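Let me begin by presenting the structure, written as structure tokens, before commenting on it.
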Amino acid sequence: MKAALLQLNVSDDPVANLPQTIAMVAEAAKKGADFILTPEVTNCISQDRADQTAVLQHEADDITLKKLREEAVRHGVWLSIGSIALKTHDADGRFANRSFLIDPAGQIVARYDKIHMFDVTVSETETYRESAGYRPGGKAVVADTPFAKIGMSVCYDVRFAYLYRALAQAGAEILLIPAAFSPVTGAAHWEPLLRARAIETGSYVLAAAQTGTHASASGKPRKTYGHSMAISPWGEVLADLGTEPGMALVDLDLRSVAQSRKRIAALSHDRPFEGP
């Protein structure tokens, strides 16, 4: 199985973003990828809720989802859409940050709504309140495919190790962590967190990411860290895309998952304890 991680620099305009994403999917398929992965918020990065309300769509109408499903069929590939920002029918008007796994027939095999919301104060000038615009999901998802069991997550989820332990104990061999990571926290924590999740669970970690300064019609541009990464079940960095848009191709051998878990069988070593 050959996987391709796509590193994007999208704007706050889903229509303008789509052609480049489609072109990169086609290039990855041409290079032999069987499984192609896009980052978090593949359709739109925006910090302006009014603009998001104007440009985002419901799942049934979303142009990015529709076109990428068509591309999966066109190229005969599995496709992880890291996430799409979508309107919901929630009474409070909040959006969903939803990940999709698409099969080569264009069918949606699995959906996952990001559970953990990025509500943080990185510094006096850098604050995020994701839960103000997005409502959290509440269900962990492991998807069955012919090539592996896949555990789904999104970005800030990476800080919650218990989620990945639960996914791996439910059979996940590949953990997906698409992201639009903050540059400050990314420089300090991104690689250590990804490697930790791989090591703790003996799983492949595939993390396609957004990168750079993202164009914004509202005048509120956002920056993301980049460094899309693939990590082996033993914790080795197999690919690091740095800070430029592009793609990385990695070969996956699921035998290494079984080997890593045999060498260190931590997933089966839970012990009851009290306190603190």
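Residue names in the structure tokens use chain letters A, B, ... in the order shown, residue numbers from 1 in each chain, and ligand numbers from 1 in the order shown.
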
With only C-alpha atoms counted and 8 Å as the cut-off, give the residues of range 173-203 of chain A in contact with range 61-83 of chain A, each with its shortest interatomic distance in Å and the pair that gives it, as CSV.
residue,atom,partner,partner_atom,distance
A:Ile177,CA,A:Gly82,CA,7.7
A:Pro178,CA,A:Gly82,CA,5.0
A:Ala179,CA,A:Gly82,CA,7.5

Any chance you could tabulate, as a Markdown table, the residues of range 197-240 of chain A at most 6 Å from range 39-57 of chain A with each one's nearest atom pair and distance in Å to one decimal, using only C-alpha atoms, in chain and rising number order?
| residue | atom | partner | partner_atom | distance |
| --- | --- | --- | --- | --- |
| A:Ala208 | CA | A:Pro39 | CA | 4.6 |
| A:Ala209 | CA | A:Pro39 | CA | 4.6 |
| A:Gln210 | CA | A:Pro39 | CA | 5.9 |

Go ahead and save the picked residues with N, CA and C atoms, as a PDB file, in the first residue's frame.
ATOM      1  N   ALA A 208      -1.608  14.507   7.459  1.00  0.00           N
ATOM      2  CA  ALA A 208      -1.559  15.518   6.398  1.00  0.00           C
ATOM      3  C   ALA A 208      -1.948  16.867   7.003  1.00  0.00           C
ATOM      4  N   ALA A 209      -1.227  17.922   6.619  1.00  0.00           N
ATOM      5  CA  ALA A 209      -1.395  19.203   7.308  1.00  0.00           C
ATOM      6  C   ALA A 209      -1.523  20.378   6.343  1.00  0.00           C
ATOM      7  N   GLN A 210      -2.165  21.421   6.846  1.00  0.00           N
ATOM      8  CA  GLN A 210      -2.155  22.725   6.187  1.00  0.00           C
ATOM      9  C   GLN A 210      -0.844  23.427   6.506  1.00  0.00           C
TER      10      GLN A 210
END

Can you pull out every residue within 6 Å of range 89-102 of chain A, counting only C-alpha atoms, but drop anything in the same chain fewer than 3 positions away, and send it as a PyMOL selection string?
-> chain A and resi 78-86+106-114+133-135

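Among A:Val237, A:Val250, A:Val122, A:Ala180, the residue with the shortest atom-to-atom distance to Gly212 in chain A, counting only C-alpha atoms, is A:Ala180.
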
Expected answer as a JSON list (two decimals) with N, CA, C and O atoms, in the first residue's frame: strand (DSSP E or B) residues in range 26-262 of chain A:
[["chain", "number", "residue", "atom", "x", "y", "z"],
["A", 35, "PHE", "N", -3.76, 5.28, -1.58],
["A", 35, "PHE", "CA", -4.47, 5.92, -0.47],
["A", 35, "PHE", "C", -3.97, 7.35, -0.38],
["A", 35, "PHE", "O", -2.78, 7.59, -0.15],
["A", 36, "ILE", "N", -4.85, 8.32, -0.59],
["A", 36, "ILE", "CA", -4.48, 9.73, -0.67],
["A", 36, "ILE", "C", -5.15, 10.48, 0.48],
["A", 36, "ILE", "O", -6.35, 10.31, 0.72],
["A", 37, "LEU", "N", -4.36, 11.30, 1.18],
["A", 37, "LEU", "CA", -4.85, 11.96, 2.38],
["A", 37, "LEU", "C", -4.71, 13.46, 2.28],
["A", 37, "LEU", "O", -3.64, 13.98, 1.93],
["A", 58, "HIS", "N", -23.97, 22.56, 3.63],
["A", 58, "HIS", "CA", -24.29, 21.32, 4.32],
["A", 58, "HIS", "C", -23.64, 20.14, 3.59],
["A", 58, "HIS", "O", -23.32, 20.25, 2.40],
["A", 78, "TRP", "N", -8.42, 5.05, -2.65],
["A", 78, "TRP", "CA", -9.00, 5.39, -1.36],
["A", 78, "TRP", "C", -8.59, 6.82, -1.03],
["A", 78, "TRP", "O", -7.47, 7.24, -1.33],
["A", 79, "LEU", "N", -9.50, 7.56, -0.42],
["A", 79, "LEU", "CA", -9.25, 8.98, -0.16],
["A", 79, "LEU", "C", -9.70, 9.33, 1.26],
["A", 79, "LEU", "O", -10.86, 9.10, 1.63],
["A", 80, "SER", "N", -8.77, 9.85, 2.04],
["A", 80, "SER", "CA", -9.12, 10.43, 3.34],
["A", 80, "SER", "C", -9.20, 11.94, 3.17],
["A", 80, "SER", "O", -8.18, 12.59, 2.90],
["A", 81, "ILE", "N", -10.40, 12.47, 3.28],
["A", 81, "ILE", "CA", -10.56, 13.93, 3.31],
["A", 81, "ILE", "C", -10.41, 14.31, 4.78],
["A", 81, "ILE", "O", -11.30, 14.08, 5.60],
["A", 82, "GLY", "N", -9.26, 14.89, 5.10],
["A", 82, "GLY", "CA", -8.90, 15.12, 6.51],
["A", 82, "GLY", "C", -10.02, 15.72, 7.31],
["A", 82, "GLY", "O", -10.38, 15.24, 8.38],
["A", 83, "SER", "N", -10.60, 16.80, 6.80],
["A", 83, "SER", "CA", -11.89, 17.28, 7.29],
["A", 83, "SER", "C", -12.40, 18.34, 6.34],
["A", 83, "SER", "O", -11.65, 18.94, 5.56],
["A", 84, "ILE", "N", -13.70, 18.56, 6.43],
["A", 84, "ILE", "CA", -14.38, 19.63, 5.71],
["A", 84, "ILE", "C", -15.19, 20.41, 6.73],
["A", 84, "ILE", "O", -15.85, 19.82, 7.59],
["A", 85, "ALA", "N", -15.12, 21.74, 6.66],
["A", 85, "ALA", "CA", -15.98, 22.58, 7.49],
["A", 85, "ALA", "C", -17.36, 22.61, 6.86],
["A", 85, "ALA", "O", -17.50, 22.97, 5.68],
["A", 86, "LEU", "N", -18.37, 22.23, 7.63],
["A", 86, "LEU", "CA", -19.72, 22.08, 7.09],
["A", 86, "LEU", "C", -20.75, 22.78, 7.96],
["A", 86, "LEU", "O", -20.62, 22.82, 9.19],
["A", 87, "LYS", "N", -21.79, 23.28, 7.33],
["A", 87, "LYS", "CA", -22.94, 23.75, 8.07],
["A", 87, "LYS", "C", -23.68, 22.54, 8.65],
["A", 87, "LYS", "O", -23.61, 21.44, 8.11],
["A", 95, "PHE", "N", -20.94, 24.95, 13.21],
["A", 95, "PHE", "CA", -20.53, 24.10, 12.11],
["A", 95, "PHE", "C", -20.03, 22.76, 12.63],
["A", 95, "PHE", "O", -19.85, 22.56, 13.83],
["A", 96, "ALA", "N", -19.77, 21.84, 11.69],
["A", 96, "ALA", "CA", -19.11, 20.57, 12.00],
["A", 96, "ALA", "C", -17.74, 20.55, 11.33],
["A", 96, "ALA", "O", -17.58, 21.05, 10.22],
["A", 97, "ASN", "N", -16.77, 19.98, 12.03],
["A", 97, "ASN", "CA", -15.43, 19.76, 11.48],
["A", 97, "ASN", "C", -15.36, 18.25, 11.23],
["A", 97, "ASN", "O", -15.02, 17.48, 12.11],
["A", 98, "ARG", "N", -15.70, 17.84, 10.00],
["A", 98, "ARG", "CA", -16.01, 16.43, 9.72],
["A", 98, "ARG", "C", -15.02, 15.81, 8.75],
["A", 98, "ARG", "O", -14.76, 16.35, 7.67],
["A", 99, "SER", "N", -14.49, 14.66, 9.14],
["A", 99, "SER", "CA", -13.56, 13.89, 8.32],
["A", 99, "SER", "C", -14.32, 12.79, 7.58],
["A", 99, "SER", "O", -15.29, 12.24, 8.11],
["A", 100, "PHE", "N", -13.85, 12.47, 6.37],
["A", 100, "PHE", "CA", -14.51, 11.47, 5.54],
["A", 100, "PHE", "C", -13.47, 10.47, 5.02],
["A", 100, "PHE", "O", -12.38, 10.86, 4.61],
["A", 101, "LEU", "N", -13.86, 9.20, 4.99],
["A", 101, "LEU", "CA", -13.07, 8.17, 4.32],
["A", 101, "LEU", "C", -13.88, 7.69, 3.12],
["A", 101, "LEU", "O", -15.02, 7.22, 3.28],
["A", 102, "ILE", "N", -13.30, 7.82, 1.92],
["A", 102, "ILE", "CA", -13.98, 7.53, 0.66],
["A", 102, "ILE", "C", -13.32, 6.33, -0.01],
["A", 102, "ILE", "O", -12.09, 6.26, -0.09],
["A", 108, "ILE", "N", -18.94, 6.90, 0.77],
["A", 108, "ILE", "CA", -18.46, 7.33, 2.08],
["A", 108, "ILE", "C", -18.47, 6.11, 3.00],
["A", 108, "ILE", "O", -19.52, 5.62, 3.38],
["A", 109, "VAL", "N", -17.28, 5.63, 3.33],
["A", 109, "VAL", "CA", -17.14, 4.45, 4.19],
["A", 109, "VAL", "C", -17.27, 4.83, 5.66],
["A", 109, "VAL", "O", -17.79, 4.07, 6.47],
["A", 110, "ALA", "N", -16.78, 6.02, 6.02],
["A", 110, "ALA", "CA", -16.83, 6.45, 7.42],
["A", 110, "ALA", "C", -16.82, 7.97, 7.50],
["A", 110, "ALA", "O", -16.23, 8.64, 6.64],
["A", 111, "ARG", "N", -17.48, 8.47, 8.53],
["A", 111, "ARG", "CA", -17.46, 9.88, 8.88],
["A", 111, "ARG", "C", -16.98, 10.00, 10.33],
["A", 111, "ARG", "O", -17.28, 9.14, 11.16],
["A", 112, "TYR", "N", -16.30, 11.10, 10.61],
["A", 112, "TYR", "CA", -15.88, 11.36, 11.99],
["A", 112, "TYR", "C", -15.93, 12.86, 12.24],
["A", 112, "TYR", "O", -15.34, 13.64, 11.50],
["A", 113, "ASP", "N", -16.63, 13.26, 13.29],
["A", 113, "ASP", "CA", -16.67, 14.66, 13.69],
["A", 113, "ASP", "C", -15.66, 14.89, 14.81],
["A", 113, "ASP", "O", -15.67, 14.17, 15.83],
["A", 119, "ASP", "N", -9.73, 25.16, 22.07],
["A", 119, "ASP", "CA", -10.04, 26.35, 22.86],
["A", 119, "ASP", "C", -8.83, 26.67, 23.73],
["A", 119, "ASP", "O", -8.71, 26.17, 24.86],
["A", 120, "VAL", "N", -7.92, 27.47, 23.23],
["A", 120, "VAL", "CA", -6.63, 27.68, 23.90],
["A", 120, "VAL", "C", -6.20, 29.14, 23.81],
["A", 120, "VAL", "O", -6.64, 29.88, 22.93],
["A", 121, "THR", "N", -5.33, 29.52, 24.74],
["A", 121, "THR", "CA", -4.68, 30.82, 24.70],
["A", 121, "THR", "C", -3.19, 30.56, 24.57],
["A", 121, "THR", "O", -2.48, 30.32, 25.57],
["A", 127, "THR", "N", -5.17, 33.57, 20.31],
["A", 127, "THR", "CA", -6.22, 32.86, 21.04],
["A", 127, "THR", "C", -7.15, 32.18, 20.06],
["A", 127, "THR", "O", -7.48, 32.73, 19.00],
["A", 128, "TYR", "N", -7.58, 30.97, 20.40],
["A", 128, "TYR", "CA", -8.50, 30.21, 19.56],
["A", 128, "TYR", "C", -9.67, 29.74, 20.42],
["A", 128, "TYR", "O", -9.47, 29.29, 21.55],
["A", 129, "ARG", "N", -10.89, 29.82, 19.87],
["A", 129, "ARG", "CA", -12.08, 29.30, 20.53],
["A", 129, "ARG", "C", -12.88, 28.52, 19.50],
["A", 129, "ARG", "O", -13.91, 28.97, 19.02],
["A", 134, "TYR", "N", -17.74, 25.75, 16.10],
["A", 134, "TYR", "CA", -17.91, 24.33, 15.76],
["A", 134, "TYR", "C", -18.45, 23.56, 16.95],
["A", 134, "TYR", "O", -18.03, 23.79, 18.09],
["A", 141, "VAL", "N", -14.24, 6.61, 15.91],
["A", 141, "VAL", "CA", -14.54, 5.83, 14.71],
["A", 141, "VAL", "C", -13.33, 5.03, 14.26],
["A", 141, "VAL", "O", -12.24, 5.58, 14.09],
["A", 142, "VAL", "N", -13.53, 3.72, 14.08],
["A", 142, "VAL", "CA", -12.57, 2.85, 13.41],
["A", 142, "VAL", "C", -13.23, 2.32, 12.16],
["A", 142, "VAL", "O", -14.32, 1.74, 12.22],
["A", 143, "ALA", "N", -12.60, 2.55, 11.00],
["A", 143, "ALA", "CA", -13.17, 2.14, 9.71],
["A", 143, "ALA", "C", -12.46, 0.90, 9.19],
["A", 143, "ALA", "O", -11.24, 0.80, 9.26],
["A", 144, "ASP", "N", -13.25, -0.02, 8.67],
["A", 144, "ASP", "CA", -12.70, -1.23, 8.05],
["A", 144, "ASP", "C", -12.45, -0.97, 6.56],
["A", 144, "ASP", "O", -13.32, -0.46, 5.86],
["A", 149, "LYS", "N", -7.38, -1.53, 9.22],
["A", 149, "LYS", "CA", -8.37, -0.86, 10.05],
["A", 149, "LYS", "C", -7.83, 0.53, 10.37],
["A", 149, "LYS", "O", -6.67, 0.67, 10.78],
["A", 150, "ILE", "N", -8.67, 1.53, 10.19],
["A", 150, "ILE", "CA", -8.22, 2.92, 10.25],
["A", 150, "ILE", "C", -8.93, 3.66, 11.37],
["A", 150, "ILE", "O", -10.16, 3.69, 11.42],
["A", 151, "GLY", "N", -8.14, 4.25, 12.26],
["A", 151, "GLY", "CA", -8.68, 5.08, 13.33],
["A", 151, "GLY", "C", -8.66, 6.54, 12.90],
["A", 151, "GLY", "O", -7.64, 7.06, 12.47],
["A", 152, "MET", "N", -9.80, 7.20, 13.06],
["A", 152, "MET", "CA", -9.95, 8.57, 12.57],
["A", 152, "MET", "C", -9.88, 9.58, 13.72],
["A", 152, "MET", "O", -10.42, 9.35, 14.81],
["A", 174, "ILE", "N", -3.79, 1.93, 11.47],
["A", 174, "ILE", "CA", -3.35, 3.22, 10.94],
["A", 174, "ILE", "C", -4.18, 4.30, 11.63],
["A", 174, "ILE", "O", -5.41, 4.21, 11.68],
["A", 175, "LEU", "N", -3.51, 5.30, 12.19],
["A", 175, "LEU", "CA", -4.17, 6.42, 12.84],
["A", 175, "LEU", "C", -4.03, 7.65, 11.96],
["A", 175, "LEU", "O", -2.91, 8.02, 11.58],
["A", 176, "LEU", "N", -5.14, 8.29, 11.64],
["A", 176, "LEU", "CA", -5.14, 9.49, 10.82],
["A", 176, "LEU", "C", -5.25, 10.71, 11.72],
["A", 176, "LEU", "O", -6.15, 10.79, 12.55],
["A", 179, "ALA", "N", -4.47, 17.88, 10.07],
["A", 179, "ALA", "CA", -4.34, 19.03, 10.96],
["A", 179, "ALA", "C", -4.23, 20.35, 10.22],
["A", 179, "ALA", "O", -3.89, 20.41, 9.04],
["A", 204, "TYR", "N", 0.80, 2.89, 12.56],
["A", 204, "TYR", "CA", 1.19, 3.96, 11.65],
["A", 204, "TYR", "C", 0.40, 5.22, 12.01],
["A", 204, "TYR", "O", -0.79, 5.15, 12.32],
["A", 205, "VAL", "N", 1.06, 6.36, 11.95],
["A", 205, "VAL", "CA", 0.39, 7.66, 12.07],
["A", 205, "VAL", "C", 0.61, 8.41, 10.76],
["A", 205, "VAL", "O", 1.74, 8.59, 10.32],
["A", 206, "LEU", "N", -0.49, 8.81, 10.13],
["A", 206, "LEU", "CA", -0.45, 9.59, 8.90],
["A", 206, "LEU", "C", -1.12, 10.93, 9.17],
["A", 206, "LEU", "O", -2.31, 10.98, 9.51],
["A", 207, "ALA", "N", -0.35, 12.00, 9.03],
["A", 207, "ALA", "CA", -0.82, 13.33, 9.43],
["A", 207, "ALA", "C", -0.59, 14.33, 8.31],
["A", 207, "ALA", "O", 0.49, 14.92, 8.18],
["A", 209, "ALA", "N", -1.23, 17.92, 6.62],
["A", 209, "ALA", "CA", -1.40, 19.20, 7.31],
["A", 209, "ALA", "C", -1.52, 20.38, 6.34],
["A", 209, "ALA", "O", -1.03, 20.35, 5.21],
["A", 210, "GLN", "N", -2.17, 21.42, 6.85],
["A", 210, "GLN", "CA", -2.16, 22.73, 6.19],
["A", 210, "GLN", "C", -0.84, 23.43, 6.51],
["A", 210, "GLN", "O", -0.20, 23.14, 7.52],
["A", 211, "THR", "N", -0.46, 24.38, 5.63],
["A", 211, "THR", "CA", 0.81, 25.07, 5.86],
["A", 211, "THR", "C", 0.76, 26.51, 5.37],
["A", 211, "THR", "O", 0.01, 26.84, 4.44],
["A", 212, "GLY", "N", 1.55, 27.38, 6.01],
["A", 212, "GLY", "CA", 1.77, 28.74, 5.52],
["A", 212, "GLY", "C", 0.74, 29.74, 5.98],
["A", 212, "GLY", "O", -0.04, 29.52, 6.91],
["A", 213, "THR", "N", 0.72, 30.89, 5.30],
["A", 213, "THR", "CA", -0.25, 31.95, 5.56],
["A", 213, "THR", "C", -1.41, 31.79, 4.59],
["A", 213, "THR", "O", -1.22, 31.75, 3.38],
["A", 214, "HIS", "N", -2.60, 31.74, 5.12],
["A", 214, "HIS", "CA", -3.79, 31.42, 4.33],
["A", 214, "HIS", "C", -4.53, 32.69, 3.95],
["A", 214, "HIS", "O", -4.95, 33.47, 4.82],
["A", 222, "ARG", "N", -4.80, 33.48, 8.58],
["A", 222, "ARG", "CA", -4.32, 32.57, 9.61],
["A", 222, "ARG", "C", -3.07, 31.88, 9.11],
["A", 222, "ARG", "O", -2.90, 31.68, 7.91],
["A", 223, "LYS", "N", -2.18, 31.53, 10.04],
["A", 223, "LYS", "CA", -0.96, 30.80, 9.70],
["A", 223, "LYS", "C", -1.04, 29.40, 10.30],
["A", 223, "LYS", "O", -1.57, 29.21, 11.39],
["A", 224, "THR", "N", -0.50, 28.41, 9.55],
["A", 224, "THR", "CA", -0.42, 27.05, 10.06],
["A", 224, "THR", "C", 1.00, 26.52, 9.89],
["A", 224, "THR", "O", 1.79, 27.03, 9.11],
["A", 225, "TYR", "N", 1.29, 25.45, 10.62],
["A", 225, "TYR", "CA", 2.66, 24.98, 10.81],
["A", 225, "TYR", "C", 3.21, 24.14, 9.66],
["A", 225, "TYR", "O", 4.41, 24.14, 9.39],
["A", 229, "MET", "N", 3.40, 14.65, 8.27],
["A", 229, "MET", "CA", 4.32, 13.59, 8.66],
["A", 229, "MET", "C", 3.68, 12.21, 8.56],
["A", 229, "MET", "O", 2.48, 12.05, 8.76],
["A", 230, "ALA", "N", 4.52, 11.23, 8.25],
["A", 230, "ALA", "CA", 4.17, 9.82, 8.37],
["A", 230, "ALA", "C", 5.13, 9.22, 9.39],
["A", 230, "ALA", "O", 6.35, 9.43, 9.30],
["A", 231, "ILE", "N", 4.58, 8.49, 10.36],
["A", 231, "ILE", "CA", 5.37, 7.90, 11.43],
["A", 231, "ILE", "C", 5.15, 6.39, 11.43],
["A", 231, "ILE", "O", 4.02, 5.91, 11.30],
["A", 237, "VAL", "N", 10.24, 8.66, 11.92],
["A", 237, "VAL", "CA", 9.67, 9.61, 10.98],
["A", 237, "VAL", "C", 9.98, 9.13, 9.56],
["A", 237, "VAL", "O", 11.12, 9.11, 9.13],
["A", 238, "LEU", "N", 8.94, 8.74, 8.84],
["A", 238, "LEU", "CA", 9.10, 8.25, 7.48],
["A", 238, "LEU", "C", 9.04, 9.36, 6.45],
["A", 238, "LEU", "O", 9.57, 9.22, 5.35],
["A", 239, "ALA", "N", 8.37, 10.46, 6.80],
["A", 239, "ALA", "CA", 8.25, 11.60, 5.88],
["A", 239, "ALA", "C", 7.96, 12.85, 6.68],
["A", 239, "ALA", "O", 7.24, 12.80, 7.69],
["A", 240, "ASP", "N", 8.53, 13.97, 6.24],
["A", 240, "ASP", "CA", 8.28, 15.28, 6.83],
["A", 240, "ASP", "C", 8.31, 16.29, 5.69],
["A", 240, "ASP", "O", 9.36, 16.50, 5.07],
["A", 246, "GLY", "N", 2.83, 20.57, -1.00],
["A", 246, "GLY", "CA", 3.39, 19.47, -1.78],
["A", 246, "GLY", "C", 2.83, 18.15, -1.33],
["A", 246, "GLY", "O", 1.78, 18.09, -0.69],
["A", 247, "MET", "N", 3.55, 17.07, -1.64],
["A", 247, "MET", "CA", 3.09, 15.75, -1.23],
["A", 247, "MET", "C", 4.27, 14.87, -0.85],
["A", 247, "MET", "O", 5.40, 15.08, -1.29],
["A", 248, "ALA", "N", 3.98, 13.89, -0.02],
["A", 248, "ALA", "CA", 4.95, 12.87, 0.36],
["A", 248, "ALA", "C", 4.33, 11.51, 0.10],
["A", 248, "ALA", "O", 3.17, 11.27, 0.45],
["A", 249, "LEU", "N", 5.10, 10.62, -0.53],
["A", 249, "LEU", "CA", 4.67, 9.26, -0.77],
["A", 249, "LEU", "C", 5.37, 8.33, 0.20],
["A", 249, "LEU", "O", 6.59, 8.43, 0.39],
["A", 250, "VAL", "N", 4.61, 7.44, 0.84],
["A", 250, "VAL", "CA", 5.19, 6.49, 1.79],
["A", 250, "VAL", "C", 4.61, 5.11, 1.54],
["A", 250, "VAL", "O", 3.43, 4.97, 1.22],
["A", 251, "ASP", "N", 5.46, 4.10, 1.67],
["A", 251, "ASP", "CA", 5.01, 2.71, 1.56],
["A", 251, "ASP", "C", 4.64, 2.19, 2.94],
["A", 251, "ASP", "O", 5.43, 2.33, 3.89]]

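The list of residues with at least one atom within 10 Å of Ala217 in chain A, based on only C-alpha atoms and without residues fewer than 2 positions apart in the same chain, reads Ser11, Asp12, Asp13, Ser46, Asp48, Asp51, Ala215, Gly219, Lys220 and Pro221 of chain A.
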
Print the selection's residues with N, CA and C atoms to a file, as a CSV table (one decimal), in the first residue's frame.
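So the final result, stored in result.csv, reads:
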chain,number,residue,atom,x,y,z
A,11,SER,N,-7.3,28.9,1.1
A,11,SER,CA,-7.8,30.2,1.5
A,11,SER,C,-9.2,30.0,2.1
A,12,ASP,N,-9.9,31.1,2.3
A,12,ASP,CA,-11.3,31.0,2.9
A,12,ASP,C,-12.3,30.9,1.8
A,13,ASP,N,-11.9,30.5,0.5
A,13,ASP,CA,-12.8,30.4,-0.6
A,13,ASP,C,-12.8,29.0,-1.1
A,46,SER,N,-10.8,29.7,7.7
A,46,SER,CA,-11.3,31.1,8.0
A,46,SER,C,-11.5,31.3,9.5
A,48,ASP,N,-13.4,34.0,10.3
A,48,ASP,CA,-14.5,34.9,10.3
A,48,ASP,C,-15.8,34.1,10.2
A,51,ASP,N,-18.2,35.1,7.4
A,51,ASP,CA,-17.8,34.7,6.0
A,51,ASP,C,-18.0,33.2,5.9
A,215,ALA,N,-4.7,32.9,2.6
A,215,ALA,CA,-5.3,34.1,2.1
A,215,ALA,C,-6.8,34.2,2.7
A,219,GLY,N,-9.6,39.8,5.6
A,219,GLY,CA,-8.5,40.5,6.2
A,219,GLY,C,-8.0,39.9,7.5
A,220,LYS,N,-8.4,38.6,7.8
A,220,LYS,CA,-8.0,38.0,9.0
A,220,LYS,C,-7.2,36.7,8.6
A,221,PRO,N,-6.1,36.8,8.0
A,221,PRO,CA,-5.3,35.6,7.6
A,221,PRO,C,-4.9,34.8,8.8

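Residue nearest Asp34 in chain A, chosen from A:Ser153, A:Leu252, A:Asn9, A:Tyr162 and counting only C-alpha atoms: A:Leu252.
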
DSSP-assigned helix (DSSP H, G or I) members of range 55-124 of chain A, reported as an MDAnalysis selection string | chainID A and resid 55 59:61 63:75

Kindly export the residues of the current selection with C-alpha atoms, as an mmCIF file, in the first residue's frame.
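In the end it all went to result34.cif:
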data_model
loop_
_atom_site.group_PDB
_atom_site.id
_atom_site.type_symbol
_atom_site.label_atom_id
_atom_site.label_comp_id
_atom_site.auth_asym_id
_atom_site.auth_seq_id
_atom_site.Cartn_x
_atom_site.Cartn_y
_atom_site.Cartn_z
ATOM 1 C CA VAL A 55 -19.478 30.147 1.931
ATOM 2 C CA GLU A 59 -22.826 17.879 3.674
ATOM 3 C CA ALA A 60 -25.446 16.989 1.047
ATOM 4 C CA ASP A 61 -24.554 20.087 -0.987
ATOM 5 C CA ILE A 63 -18.885 20.906 -3.594
ATOM 6 C CA THR A 64 -15.558 19.756 -2.139
ATOM 7 C CA LEU A 65 -16.993 16.484 -0.904
ATOM 8 C CA LYS A 66 -18.849 15.893 -4.164
ATOM 9 C CA LYS A 67 -15.825 16.538 -6.386
ATOM 10 C CA LEU A 68 -13.378 14.551 -4.270
ATOM 11 C CA ARG A 69 -15.733 11.575 -4.263
ATOM 12 C CA GLU A 70 -15.707 11.818 -8.065
ATOM 13 C CA GLU A 71 -11.902 11.957 -8.052
ATOM 14 C CA ALA A 72 -11.724 8.784 -5.946
ATOM 15 C CA VAL A 73 -13.754 7.027 -8.650
ATOM 16 C CA ARG A 74 -11.782 8.607 -11.488
ATOM 17 C CA HIS A 75 -8.447 7.399 -10.139
#

Distance query range 260-263 of chain A at most 8 Å, only C-alpha atoms, self and fewer than 5 positions along chain excluded, as a PyMOL selection string = chain A and resi 201-202+233-234
